[in-house]
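The next block is query.txt, given as compact mmCIF, C-alpha atoms.
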```txt
# COMPACT_ATOMS: atom_id res chain seq x y z
CA MET L 815 7.94 -2.87 33.97
CA ALA L 816 5.78 -5.11 31.83
CA LYS L 817 7.22 -5.84 28.43
CA SER L 818 5.27 -4.31 25.58
CA ASN L 819 4.99 -5.83 22.13
CA LYS L 820 4.05 -2.44 20.67
CA PRO L 821 7.54 -1.66 19.26
CA ILE L 822 7.36 -4.80 17.09
CA PHE L 823 3.98 -3.84 15.65
CA TRP L 824 4.99 -0.22 15.15
CA GLY L 825 8.16 -1.40 13.43
CA LEU L 826 6.14 -3.60 11.07
CA PHE L 827 3.65 -0.77 10.47
CA ALA L 828 6.47 1.66 9.60
CA ALA L 829 8.15 -0.97 7.40
CA GLY L 830 4.82 -1.54 5.65
CA GLY L 831 4.35 2.17 5.00
CA THR L 832 7.87 2.48 3.62
CA VAL L 833 7.65 -0.63 1.40
CA THR L 834 4.23 0.47 0.11
CA ALA L 835 5.59 3.94 -0.61
CA PHE L 836 8.52 2.52 -2.59
CA VAL L 837 6.74 -0.16 -4.67
CA THR L 838 2.98 0.49 -5.04
CA PRO L 839 3.12 3.42 -7.51
CA ALA L 840 5.34 1.47 -9.94
CA LEU L 841 3.28 -1.73 -9.54
CA ALA L 842 0.06 0.22 -10.17
CA LEU L 843 1.67 1.78 -13.25
CA VAL L 844 2.58 -1.70 -14.57
CA THR L 845 -0.96 -3.04 -14.05
CA LEU L 846 -2.41 0.17 -15.50
CA ILE L 847 -0.34 -0.33 -18.65
CA ALA L 848 -1.44 -3.99 -18.70
CA ALA L 849 -5.07 -2.91 -18.26
CA MET L 850 -4.72 -0.54 -21.23
CA ARG L 851 -3.14 -3.41 -23.20
CA TYR L 852 -0.48 -1.11 -24.53
CA SER L 853 1.52 -3.95 -26.11
CA PRO L 854 1.22 -7.77 -26.07
CA ASP L 855 4.97 -8.08 -25.36
CA MET L 856 4.55 -6.44 -21.98
CA PHE L 857 3.69 -8.12 -18.71
CA THR L 858 3.90 -11.65 -20.15
CA TYR L 859 3.30 -14.92 -18.30
CA ASP L 860 6.88 -16.10 -18.95
CA ALA L 861 8.46 -12.94 -17.53
CA ILE L 862 6.35 -12.84 -14.38
CA HIS L 863 6.59 -16.61 -13.90
CA VAL L 864 10.39 -16.66 -14.08
CA PHE L 865 10.49 -14.01 -11.36
CA ALA L 866 7.87 -15.67 -9.13
CA ALA L 867 9.33 -19.17 -9.55
CA HIS L 868 12.69 -18.16 -8.04
CA TRP L 869 12.89 -18.42 -4.24
CA LEU L 870 14.18 -14.85 -3.99
CA GLY L 871 11.31 -13.60 -6.16
CA LYS L 872 8.85 -15.49 -3.95
CA LEU L 873 10.40 -13.90 -0.86
CA VAL L 874 10.17 -10.40 -2.39
CA ILE L 875 6.53 -10.91 -3.46
CA PHE L 876 5.60 -12.35 -0.06
CA GLY L 877 7.32 -9.50 1.79
CA ILE L 878 5.66 -6.81 -0.32
CA ILE L 879 2.15 -8.31 -0.05
CA LEU L 880 2.47 -9.15 3.67
CA LEU L 881 3.67 -5.69 4.70
CA SER L 882 1.25 -3.84 2.37
CA LEU L 883 -1.71 -5.89 3.65
CA TRP L 884 -1.09 -5.39 7.36
CA HIS L 885 -0.11 -1.74 6.97
CA ALA L 886 -3.24 -0.99 4.92
CA ALA L 887 -5.43 -3.05 7.28
CA HIS L 888 -4.30 -1.07 10.32
CA ARG L 889 -4.70 2.25 8.53
CA THR L 890 -8.15 1.26 7.27
CA ARG L 891 -9.15 0.59 10.90
CA VAL L 892 -7.99 4.10 11.89
CA THR L 893 -9.62 5.70 8.82
CA VAL L 894 -12.99 4.07 9.55
CA HIS L 895 -12.75 5.45 13.11
CA ASP L 896 -11.95 8.92 11.72
CA PHE L 897 -15.13 8.78 9.63
CA GLY L 898 -17.11 8.47 12.86
CA VAL L 899 -17.67 4.70 13.06
CA ARG L 900 -17.19 3.68 16.69
CA ALA L 901 -17.51 -0.12 16.33
CA ASP L 902 -13.73 -0.49 16.62
CA SER L 903 -13.51 -4.14 17.73
CA LEU L 904 -15.75 -5.27 14.87
CA VAL L 905 -13.80 -3.17 12.34
CA ALA L 906 -10.54 -4.56 13.74
CA ILE L 907 -11.76 -8.16 13.32
CA VAL L 908 -12.82 -7.49 9.70
CA VAL L 909 -9.66 -5.71 8.54
CA TYR L 910 -7.21 -8.06 10.30
CA ALA L 911 -9.19 -11.10 9.09
CA LEU L 912 -8.90 -9.78 5.52
CA ALA L 913 -5.16 -9.25 6.01
CA GLY L 914 -4.80 -12.75 7.51
CA ILE L 915 -6.72 -14.43 4.68
CA GLY L 916 -4.71 -12.46 2.12
CA THR L 917 -1.43 -13.50 3.75
CA LEU L 918 -2.47 -17.17 3.81
CA LEU L 919 -3.63 -17.15 0.16
CA THR L 920 -0.40 -15.45 -0.93
CA LEU L 921 1.60 -18.19 0.80
CA VAL L 922 -0.49 -20.96 -0.83
CA TYR L 923 -0.30 -19.48 -4.36
CA LEU L 924 3.45 -18.80 -4.08
CA LEU L 925 4.10 -22.41 -3.02
CA ARG L 926 2.10 -23.64 -6.05
CA ILE L 927 4.20 -21.64 -8.53
CA MET N 572 -24.74 25.22 37.61
CA ASN N 573 -23.45 26.17 34.22
CA LYS N 574 -23.65 23.69 31.45
CA PRO N 575 -20.17 22.62 30.31
CA TYR N 576 -19.31 23.97 26.90
CA VAL N 577 -19.25 21.27 24.26
CA ARG N 578 -17.78 22.25 20.92
CA PRO N 579 -20.27 21.41 18.22
CA LEU N 580 -18.24 18.95 16.17
CA SER N 581 -19.60 16.39 13.75
CA LYS N 582 -18.27 12.86 14.19
CA THR N 583 -18.52 12.17 10.49
CA SER N 584 -17.48 15.47 8.89
CA TRP N 585 -15.13 17.08 11.45
CA PHE N 586 -12.27 17.07 8.94
CA LEU N 587 -14.11 19.45 6.60
CA THR N 588 -13.55 22.30 9.07
CA GLN N 589 -9.85 22.85 8.27
CA PRO N 590 -7.72 22.40 5.13
CA ARG N 591 -5.03 20.45 6.99
CA TYR N 592 -7.64 18.04 8.37
CA LYS N 593 -8.86 17.55 4.81
CA ARG N 594 -5.31 16.77 3.66
CA TYR N 595 -4.94 14.34 6.58
CA MET N 596 -8.13 12.50 5.60
CA LEU N 597 -7.21 12.51 1.91
CA ARG N 598 -3.95 10.82 2.91
CA GLU N 599 -5.78 8.32 5.16
CA VAL N 600 -8.20 7.35 2.38
CA THR N 601 -5.29 6.35 0.10
CA CYS N 602 -4.88 3.20 2.25
CA LEU N 603 -8.26 1.88 1.02
CA PHE N 604 -6.94 1.90 -2.55
CA ILE N 605 -3.68 0.24 -1.49
CA PHE N 606 -5.62 -2.39 0.50
CA ALA N 607 -7.87 -3.19 -2.47
CA TYR N 608 -4.92 -3.18 -4.87
CA THR N 609 -3.06 -5.76 -2.76
CA PHE N 610 -5.99 -8.14 -3.34
CA LEU N 611 -5.74 -7.51 -7.09
CA LEU N 612 -2.09 -8.61 -6.83
CA ILE N 613 -3.09 -11.73 -4.85
CA TRP N 614 -5.71 -12.57 -7.50
CA GLY N 615 -3.06 -12.17 -10.20
CA LEU N 616 -0.75 -14.44 -8.20
CA LYS N 617 -3.54 -17.08 -8.03
CA ARG N 618 -4.02 -16.98 -11.81
CA LEU N 619 -0.23 -17.08 -12.32
CA SER N 620 -0.03 -20.25 -10.21
CA GLU N 621 -2.70 -21.89 -12.41
CA GLY N 622 -0.68 -21.67 -15.61
CA PRO N 623 -0.33 -19.59 -18.81
CA ASP N 624 -3.99 -19.86 -19.87
CA ALA N 625 -5.28 -18.76 -16.47
CA PHE N 626 -2.80 -15.86 -16.42
CA GLN N 627 -3.95 -14.80 -19.90
CA GLY N 628 -7.50 -14.90 -18.53
CA PHE N 629 -6.38 -12.57 -15.74
CA LEU N 630 -4.85 -10.18 -18.28
CA ASN N 631 -8.07 -10.29 -20.35
CA ALA N 632 -10.15 -9.54 -17.25
CA LEU N 633 -7.77 -6.69 -16.44
CA HIS N 634 -8.46 -5.19 -19.86
CA SER N 635 -11.60 -3.15 -19.17
CA PRO N 636 -12.44 0.55 -18.73
CA TRP N 637 -13.30 -0.01 -15.04
CA SER N 638 -9.97 -1.69 -14.46
CA VAL N 639 -8.13 1.19 -16.16
CA LEU N 640 -10.04 3.60 -13.92
CA PHE N 641 -9.29 1.53 -10.79
CA ASN N 642 -5.58 1.21 -11.59
CA LEU N 643 -5.38 4.93 -12.36
CA ALA N 644 -7.04 5.74 -9.01
CA VAL N 645 -4.62 3.40 -7.21
CA LEU N 646 -1.67 5.00 -9.00
CA ILE N 647 -2.73 8.52 -7.96
CA ALA N 648 -3.48 7.41 -4.36
CA ALA N 649 -0.18 5.52 -4.13
CA VAL N 650 1.87 8.47 -5.42
CA TYR N 651 0.12 10.73 -2.88
CA HIS N 652 0.89 8.23 -0.11
CA SER N 653 4.55 7.95 -1.21
CA THR N 654 5.28 11.67 -1.47
CA THR N 655 3.58 12.50 1.84
CA TRP N 656 5.34 9.54 3.52
CA PHE N 657 8.80 10.53 2.26
CA ASN N 658 8.31 14.23 3.02
CA VAL N 659 7.85 13.57 6.75
CA THR N 660 10.70 11.03 7.13
CA PRO N 661 13.09 13.64 8.67
CA GLN N 662 10.54 14.11 11.51
CA ALA N 663 9.62 10.42 11.76
CA MET N 664 13.18 9.03 11.53
CA PRO N 665 15.69 11.76 12.44
CA ILE N 666 19.28 10.58 11.90
CA GLN N 667 21.97 11.94 14.21
CA ARG N 668 25.63 12.15 13.18
CA GLY N 669 27.72 13.17 16.19
CA GLU N 670 26.27 16.41 17.56
CA GLU N 671 24.35 17.31 14.43
CA PHE N 672 21.21 15.95 12.83
CA VAL N 673 21.44 15.00 9.16
CA PRO N 674 19.60 17.79 7.23
CA GLY N 675 16.02 16.89 6.34
CA ASN N 676 16.35 17.49 2.62
CA ILE N 677 19.19 14.93 2.40
CA ILE N 678 16.99 12.26 4.05
CA ILE N 679 14.04 13.15 1.79
CA GLY N 680 16.30 13.25 -1.29
CA ALA N 681 17.74 9.81 -0.47
CA HIS N 682 14.22 8.37 -0.25
CA TYR N 683 13.26 9.87 -3.62
CA ALA N 684 16.45 8.45 -5.18
CA VAL N 685 15.71 4.94 -3.83
CA TRP N 686 12.08 5.33 -4.98
CA ALA N 687 13.25 6.13 -8.52
CA VAL N 688 15.60 3.11 -8.65
CA VAL N 689 13.01 0.68 -7.20
CA SER N 690 10.33 1.98 -9.58
CA LEU N 691 12.62 1.55 -12.57
CA ILE N 692 13.42 -2.07 -11.55
CA ILE N 693 9.70 -2.89 -11.13
CA LEU N 694 8.82 -1.30 -14.48
CA ILE N 695 11.59 -3.21 -16.28
CA ILE N 696 10.73 -6.59 -14.69
CA GLY N 697 6.98 -6.01 -15.01
CA ILE N 698 6.97 -4.81 -18.58
CA ARG N 699 10.00 -6.37 -20.27
CA GLY N 700 10.67 -9.39 -18.07
CA MET N 701 13.86 -10.57 -16.42
```
Would you kindly transcribe this structure into structure tokens?
Amino acid sequence: MAKSNKPIFWGLFAAGGTVTAFVTPALALVTLIAAMRYSPDMFTYDAIHVFAAHWLGKLVIFGIILLSLWHAAHRTRVTVHDFGVRADSLVAIVVYALAGIGTLLTLVYLLRI
Amino acid sequence: MNKPYVRPLSKTSWFLTQPRYKRYMLREVTCLFIFAYTFLLIWGLKRLSEGPDAFQGFLNALHSPWSVLFNLAVLIAAVYHSTTWFNVTPQAMPIQRGEEFVPGNIIIGAHYAVWAVVSLIILIIGIRGM
């Protein structure tokens, strides 16, 4: 039987959904509080920089963004199909290109910190 | 010859016919907010890599009514994604111990407990710093 690479992609998709479920609400709450400028002591450059400058912090940030991006990209592809758009190969190119560019940029910015 | 029966079903609004289809689509749409939000994080990461002034610029840009609205929408969508994701984990990832399956509410409860701890860590690091 021909080997399938589907289990790997499904594993990543499931991991992405789980990671997104665990971290996105709290992250969105943090940026919401920052957007409301609740207090100048919150969400400071020093605090975020210390976290992102550490190799473990970089790894955590990269993992979260990578998995969220590819999970959301795949689901966006399915959602667009569910709304009746049948140009699947074009949609796939757009969403996976966005995820690829996002992954690359994340890597570049993390290495610059 | 009889014409084959084709159910009249709209390609673009089929999900409006049943409440559970609506809930399915509502859940699917949350991914658009999460997708967009990930790019907000990447933008913040870019400004962070450019130094304190650039990061302050990011925070200033974040401080607008539209941004509050966007972040609020992402928060609501993300919470909806999380709760619906955790609530089906017993079906998606059944855990067997010997002959028996681990009861669903234990699996769901464990996910909510981890979610609470992870959220608390993110809030503390994000708001107060390390």
Point to revise | Closest of L:Trp884, L:Phe836, L:Tyr923, L:Tyr910 to Thr609 (chain N) - atom-to-atom distances counting only C-alpha atoms | key: L:Trp884
Select all residues from chain L having any atom no more than 8 Å from an atom of chain N (counting all atoms listed in the file, ignoring ligands), output as a CSV table (one decimal) with C-alpha atoms, keeping the file's coordinate frame.
```
chain,number,residue,atom,x,y,z
L,831,GLY,CA,4.4,2.2,5.0
L,832,THR,CA,7.9,2.5,3.6
L,834,THR,CA,4.2,0.5,0.1
L,835,ALA,CA,5.6,3.9,-0.6
L,836,PHE,CA,8.5,2.5,-2.6
L,837,VAL,CA,6.7,-0.2,-4.7
L,838,THR,CA,3.0,0.5,-5.0
L,839,PRO,CA,3.1,3.4,-7.5
L,840,ALA,CA,5.3,1.5,-9.9
L,841,LEU,CA,3.3,-1.7,-9.5
L,842,ALA,CA,0.1,0.2,-10.2
L,843,LEU,CA,1.7,1.8,-13.2
L,844,VAL,CA,2.6,-1.7,-14.6
L,845,THR,CA,-1.0,-3.0,-14.0
L,846,LEU,CA,-2.4,0.2,-15.5
L,848,ALA,CA,-1.4,-4.0,-18.7
L,849,ALA,CA,-5.1,-2.9,-18.3
L,850,MET,CA,-4.7,-0.5,-21.2
L,851,ARG,CA,-3.1,-3.4,-23.2
L,855,ASP,CA,5.0,-8.1,-25.4
L,856,MET,CA,4.6,-6.4,-22.0
L,857,PHE,CA,3.7,-8.1,-18.7
L,858,THR,CA,3.9,-11.6,-20.2
L,859,TYR,CA,3.3,-14.9,-18.3
L,860,ASP,CA,6.9,-16.1,-19.0
L,861,ALA,CA,8.5,-12.9,-17.5
L,862,ILE,CA,6.4,-12.8,-14.4
L,863,HIS,CA,6.6,-16.6,-13.9
L,864,VAL,CA,10.4,-16.7,-14.1
L,865,PHE,CA,10.5,-14.0,-11.4
L,879,ILE,CA,2.2,-8.3,0.0
L,882,SER,CA,1.2,-3.8,2.4
L,883,LEU,CA,-1.7,-5.9,3.6
L,886,ALA,CA,-3.2,-1.0,4.9
L,887,ALA,CA,-5.4,-3.0,7.3
L,889,ARG,CA,-4.7,2.2,8.5
L,890,THR,CA,-8.2,1.3,7.3
L,893,THR,CA,-9.6,5.7,8.8
L,896,ASP,CA,-12.0,8.9,11.7
L,897,PHE,CA,-15.1,8.8,9.6
L,898,GLY,CA,-17.1,8.5,12.9
L,899,VAL,CA,-17.7,4.7,13.1
L,916,GLY,CA,-4.7,-12.5,2.1
L,919,LEU,CA,-3.6,-17.2,0.2
L,920,THR,CA,-0.4,-15.4,-0.9
L,923,TYR,CA,-0.3,-19.5,-4.4
L,924,LEU,CA,3.4,-18.8,-4.1
L,926,ARG,CA,2.1,-23.6,-6.0
L,927,ILE,CA,4.2,-21.6,-8.5
```
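For the pair CA of Leu587 (chain N) and CA of Ile679 (chain N), the separation is 29.2 Å.
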Exercise for review: Identify which of the residues L:Ala866, L:Val833, L:Ala913, L:Leu826 lies closest to Leu925 (chain L), counting only C-alpha atoms when measuring atom-to-atom distances.
Suggested key: L:Ala866
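Checking N:Phe629, N:Arg594, N:Gln662, N:Pro579 one by one against Ile678 (chain N), counting all atoms listed in the file, you find the shortest gap at N:Gln662.
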Practice item. Counting all atoms listed in the file, note down every residue that has an atom within 6 Å of the point (3.5, -3.9, 10.1) (file coordinates), as JSON, numbers by chain. Key: {"L": [823, 826, 827, 830, 881, 884, 885]}
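Atom pair CA of Met664 (chain N) / CA of His895 (chain L) has a distance of 26.2 Å (rounded to one decimal).
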**Study point:** Point-to-point distance from CA of Asp902 (chain L) to CA of Val577 (chain N), Å rounded to tenths
**Key:**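 Separating CA of Asp902 (chain L) from CA of Val577 (chain N) is a distance of 23.7 Å.
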